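K.L.:
A single structure is presented below for examination.
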Amino acid sequence: MVSRSSLLSTDAVVVTGAAQGLGRGIALHLAGRCAGLILWDVLASPLEKTAEDCRARGARVLTRVVDIGEEKQIHTAVEAISAELGDVFGLVNNAGIFPRISVLNSTTELWEKVLRVNLLGYYLTARMLAPGMLRAGRGAIVNVGSTAAFRGHPQGAHYAASKAGVVSFTKTLALELAPTVRVNCVNPGLSDTAQPRIAMSEDDICEAIQNIPMGRIGQPDDVARVVGFFLGPDASFITGQSIGVNGGAWMMP
Ligand SMILES: NC(=O)c1ccc[n+]([C@@H]2O[C@H](COP(=O)([O-])OP(=O)(O)OC[C@H]3O[C@@H](n4cnc5c(N)ncnc54)[C@H](O)[C@@H]3O)[C@@H](O)[C@H]2O)c1
């Protein structure tokens, strides 16, 4: 039986961090599969480019510059969606930051900033969008975590801690919103976006590929297709789960 908590072509989905990288890939993938996309990011002009490309695939798209670490901005953005599109079916919590620095060289401010965007931001967007899903009697949330949630990550304790928080948050939120709204987590491995390329040279990436059984780094569409699966009818009996999309680089026990 297909549950009501499955994406239909008439539904609208919010994607955060949609200006570039995985979020852009997710938006493009969903553009042909749902009626409305609400795309949020802090980068206005690349966000408009994503929107334009999604519209070319037939989706109705609303964009807004929203910092997901700022509660008031999310509140205003959610009110704007309600006025224009009504309740949304889905949320893809994807926006994230990863400033590389060791624990001993880091600062309280940087730790708080990473946790604010990568974890508090996911909580705020879910807290403000889930009531509409519950009212509508259906919905799905997909959080983008990372393999860093499961392993030590030099120069990234703040990031790894935030992503472990995302995996844990996914489980509790899934329990609290079941059976109406499903909540799952996709954990990418090394993927071909600005985030790793800012910190890694081409040589670093070639070296990292040696440890990826599938012999390449991930592409945005690798992650986007799994996000689409979690939102869709084939995942109608799946909630509270995390899956790695990492070419086999990290295998959980
Ligand atoms: N690329 C990888 O190798 C990799 C691996 C594991 C997990 N991830 C996760 O995937 C997600 C997407 O990463 P990516 O590689 O596409 O990174 P990216 O840096 O290319 O894109 C991230 C997007 O999020 C936006 N963003 C940042 N802070 C924001 C905020 N406060 N509010 C709204 N938008 C904000 C950025 O402007 C950008 O458009 C992140 O959560 C990241 O941690 C990425």
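Each chain in the structure tokens gets a letter, A, B, ..., in the order shown, and its residues are numbered from 1; ligands are numbered from 1 in order too.
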Need the shell around Met200 (chain A): protein/DNA/RNA residues with any atom at most 12 Å away, counting only C-alpha atoms. Skip same-chain ones fewer than 6 positions apart. Format as a PyMOL selection string?
P.N.:
chain A and resi 100+190-194+206-208
K.L.:
Can you write out as CSV which residues of chain A fall within 6 Å of ligand 1, alongside each residue's closest atom pair and its distance in Å to one decimal, counting only C-alpha atoms and all ligand atoms and ordering rows by chain and ascending residue number?
P.N.:
```
residue,atom,partner,partner_atom_place_in_ligand_line,distance
A:Thr16,CA,ligand 1,34 (N),5.9
A:Gly17,CA,ligand 1,24 (O),3.5
A:Ala18,CA,ligand 1,39 (O),5.5
A:Ala19,CA,ligand 1,39 (O),4.2
A:Gln20,CA,ligand 1,39 (O),4.5
A:Gly21,CA,ligand 1,16 (O),3.4
A:Leu22,CA,ligand 1,16 (O),3.8
A:Gly23,CA,ligand 1,16 (O),5.6
A:Asp41,CA,ligand 1,34 (N),3.8
A:Val42,CA,ligand 1,34 (N),4.7
A:Leu43,CA,ligand 1,37 (O),5.1
A:Val66,CA,ligand 1,33 (C),5.5
A:Asp67,CA,ligand 1,32 (N),3.5
A:Ile68,CA,ligand 1,32 (N),4.1
A:Gly69,CA,ligand 1,31 (N),5.1
A:Asn94,CA,ligand 1,41 (O),4.6
A:Ala95,CA,ligand 1,24 (O),3.7
A:Gly96,CA,ligand 1,41 (O),3.7
A:Ile97,CA,ligand 1,27 (C),5.3
A:Val117,CA,ligand 1,31 (N),5.0
A:Val144,CA,ligand 1,41 (O),5.4
A:Gly145,CA,ligand 1,7 (C),5.6
A:Ser146,CA,ligand 1,7 (C),4.0
A:Pro188,CA,ligand 1,6 (C),4.2
A:Gly189,CA,ligand 1,5 (C),4.7
A:Leu190,CA,ligand 1,3 (O),3.6
A:Ser191,CA,ligand 1,3 (O),3.6
A:Asp192,CA,ligand 1,1 (N),5.8
A:Thr193,CA,ligand 1,15 (O),4.7
A:Ala194,CA,ligand 1,20 (O),4.2
A:Gln195,CA,ligand 1,19 (O),4.2
A:Pro196,CA,ligand 1,3 (O),5.3
```
K.L.:
Would you mind writing down, as a list in words, each residue of region 85-228 of chain A that DSSP on the backbone assigns to strand (DSSP E or B)?
P.N.:
Gly90, Leu91, Val92, Asn93, Gly139, Ala140, Ile141, Val142, Asn143, Val144, Val181, Arg182, Val183, Asn184, Cys185, Val186, Asn187, Pro188, Ser191 and Gly218 of chain A
K.L.:
Restricting it to N, CA and C atoms, dump the selection as a tab-separated table (two decimals), in the first residue's frame.
P.N.:
```tsv
chain	number	residue	atom	x	y	z
A	90	GLY	N	6.94	18.69	1.51
A	90	GLY	CA	8.27	18.18	1.88
A	90	GLY	C	9.28	19.25	2.24
A	91	LEU	N	10.27	18.82	2.99
A	91	LEU	CA	11.40	19.69	3.36
A	91	LEU	C	12.68	18.90	3.15
A	92	VAL	N	13.62	19.50	2.41
A	92	VAL	CA	14.96	18.92	2.30
A	92	VAL	C	15.92	19.88	3.00
A	93	ASN	N	16.36	19.49	4.17
A	93	ASN	CA	17.30	20.27	4.96
A	93	ASN	C	18.70	19.95	4.44
A	139	GLY	N	3.33	14.27	4.74
A	139	GLY	CA	4.56	15.03	4.52
A	139	GLY	C	5.79	14.16	4.69
A	140	ALA	N	6.93	14.70	4.26
A	140	ALA	CA	8.19	13.98	4.41
A	140	ALA	C	9.33	14.99	4.55
A	141	ILE	N	10.27	14.66	5.41
A	141	ILE	CA	11.45	15.50	5.62
A	141	ILE	C	12.68	14.66	5.34
A	142	VAL	N	13.62	15.24	4.59
A	142	VAL	CA	14.90	14.56	4.38
A	142	VAL	C	16.00	15.50	4.86
A	143	ASN	N	16.80	15.02	5.79
A	143	ASN	CA	17.94	15.78	6.29
A	143	ASN	C	19.22	15.30	5.60
A	144	VAL	N	20.07	16.24	5.21
A	144	VAL	CA	21.35	15.85	4.63
A	144	VAL	C	22.41	15.90	5.73
A	181	VAL	N	4.14	12.10	9.13
A	181	VAL	CA	5.27	12.65	8.37
A	181	VAL	C	6.47	11.72	8.54
A	182	ARG	N	7.08	11.33	7.43
A	182	ARG	CA	8.29	10.50	7.51
A	182	ARG	C	9.52	11.41	7.53
A	183	VAL	N	10.54	10.98	8.29
A	183	VAL	CA	11.77	11.78	8.40
A	183	VAL	C	12.97	10.85	8.22
A	184	ASN	N	13.80	11.13	7.24
A	184	ASN	CA	14.98	10.29	6.98
A	184	ASN	C	16.21	11.15	6.72
A	185	CYS	N	17.36	10.49	6.66
A	185	CYS	CA	18.62	11.21	6.55
A	185	CYS	C	19.49	10.58	5.45
A	186	VAL	N	20.04	11.41	4.60
A	186	VAL	CA	20.98	10.96	3.56
A	186	VAL	C	22.36	11.47	3.95
A	187	ASN	N	23.33	10.57	4.02
A	187	ASN	CA	24.69	10.96	4.42
A	187	ASN	C	25.66	10.83	3.25
A	188	PRO	N	25.93	11.94	2.58
A	188	PRO	CA	26.87	11.87	1.45
A	188	PRO	C	28.29	11.62	1.93
A	191	SER	N	31.79	14.49	-2.16
A	191	SER	CA	30.98	14.79	-3.34
A	191	SER	C	31.55	16.00	-4.06
A	218	GLY	N	31.35	11.38	-5.37
A	218	GLY	CA	29.92	11.47	-5.67
A	218	GLY	C	29.60	12.70	-6.50
```
K.L.:
When you look at Leu85 (chain A) with a cut-off of 12 Å (counting only C-alpha atoms), what residues show up, excluding the ones that are within fewer than 5 positions of it in the same chain? I need them as a PyMOL selection string.
P.N.:
chain A and resi 10-14+35-38+60-62+77-80+132
K.L.:
Which one of A:Ala31, A:Ala161, A:Cys54, A:Ala148 sits closest to Trp111 (chain A) if you count only C-alpha atoms?
P.N.:
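Result for the nearest residue to Trp111 (chain A): A:Ala161.
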K.L.:
Just list as a ChimeraX atom specification whatever in region 14-233 of chain A DSSP marks as helix (DSSP H, G or I).
P.N.:
/A:21-31,44-55,71-85,108-136,147-150,157-177,194-199,202-209,220-231,233
K.L.:
Just to confirm, what's the straight-line distance from CA of Met251 (chain A) to CA of Ala149 (chain A) in Å (one decimal)?
P.N.:
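About the pair CA of Met251 (chain A) and CA of Ala149 (chain A): they are 12.6 Å apart.
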K.L.:
Any idea what the distance is between CA of Ser242 (chain A) and CA of Leu175 (chain A)?
P.N.:
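Computing it gives 13.9 Å between the two atoms.
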K.L.:
Please indicate the distance in Å from CA of Ala51 (chain A) to CA of Asp234 (chain A), rounded to one decimal place.
P.N.:
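Pair CA of Ala51 (chain A) / CA of Asp234 (chain A) returns 26.7 Å.
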K.L.:
Can you work out which one of A:Arg225, A:Arg127, A:Arg33, A:Arg151 has the shortest atom-to-atom distance to Leu173 (chain A), counting only C-alpha atoms?
P.N.:
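Nearest to Leu173 (chain A): A:Arg127.
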K.L.:
With a distance cut-off of 7 Å and only C-alpha atoms, select the neighbouring residues of region 101-104 of chain A, excluding the residue or stretch itself and same-chain residues fewer than 2 positions from it, and output the selection as a PyMOL selection string.
P.N.:
chain A and resi 99+106+154-157
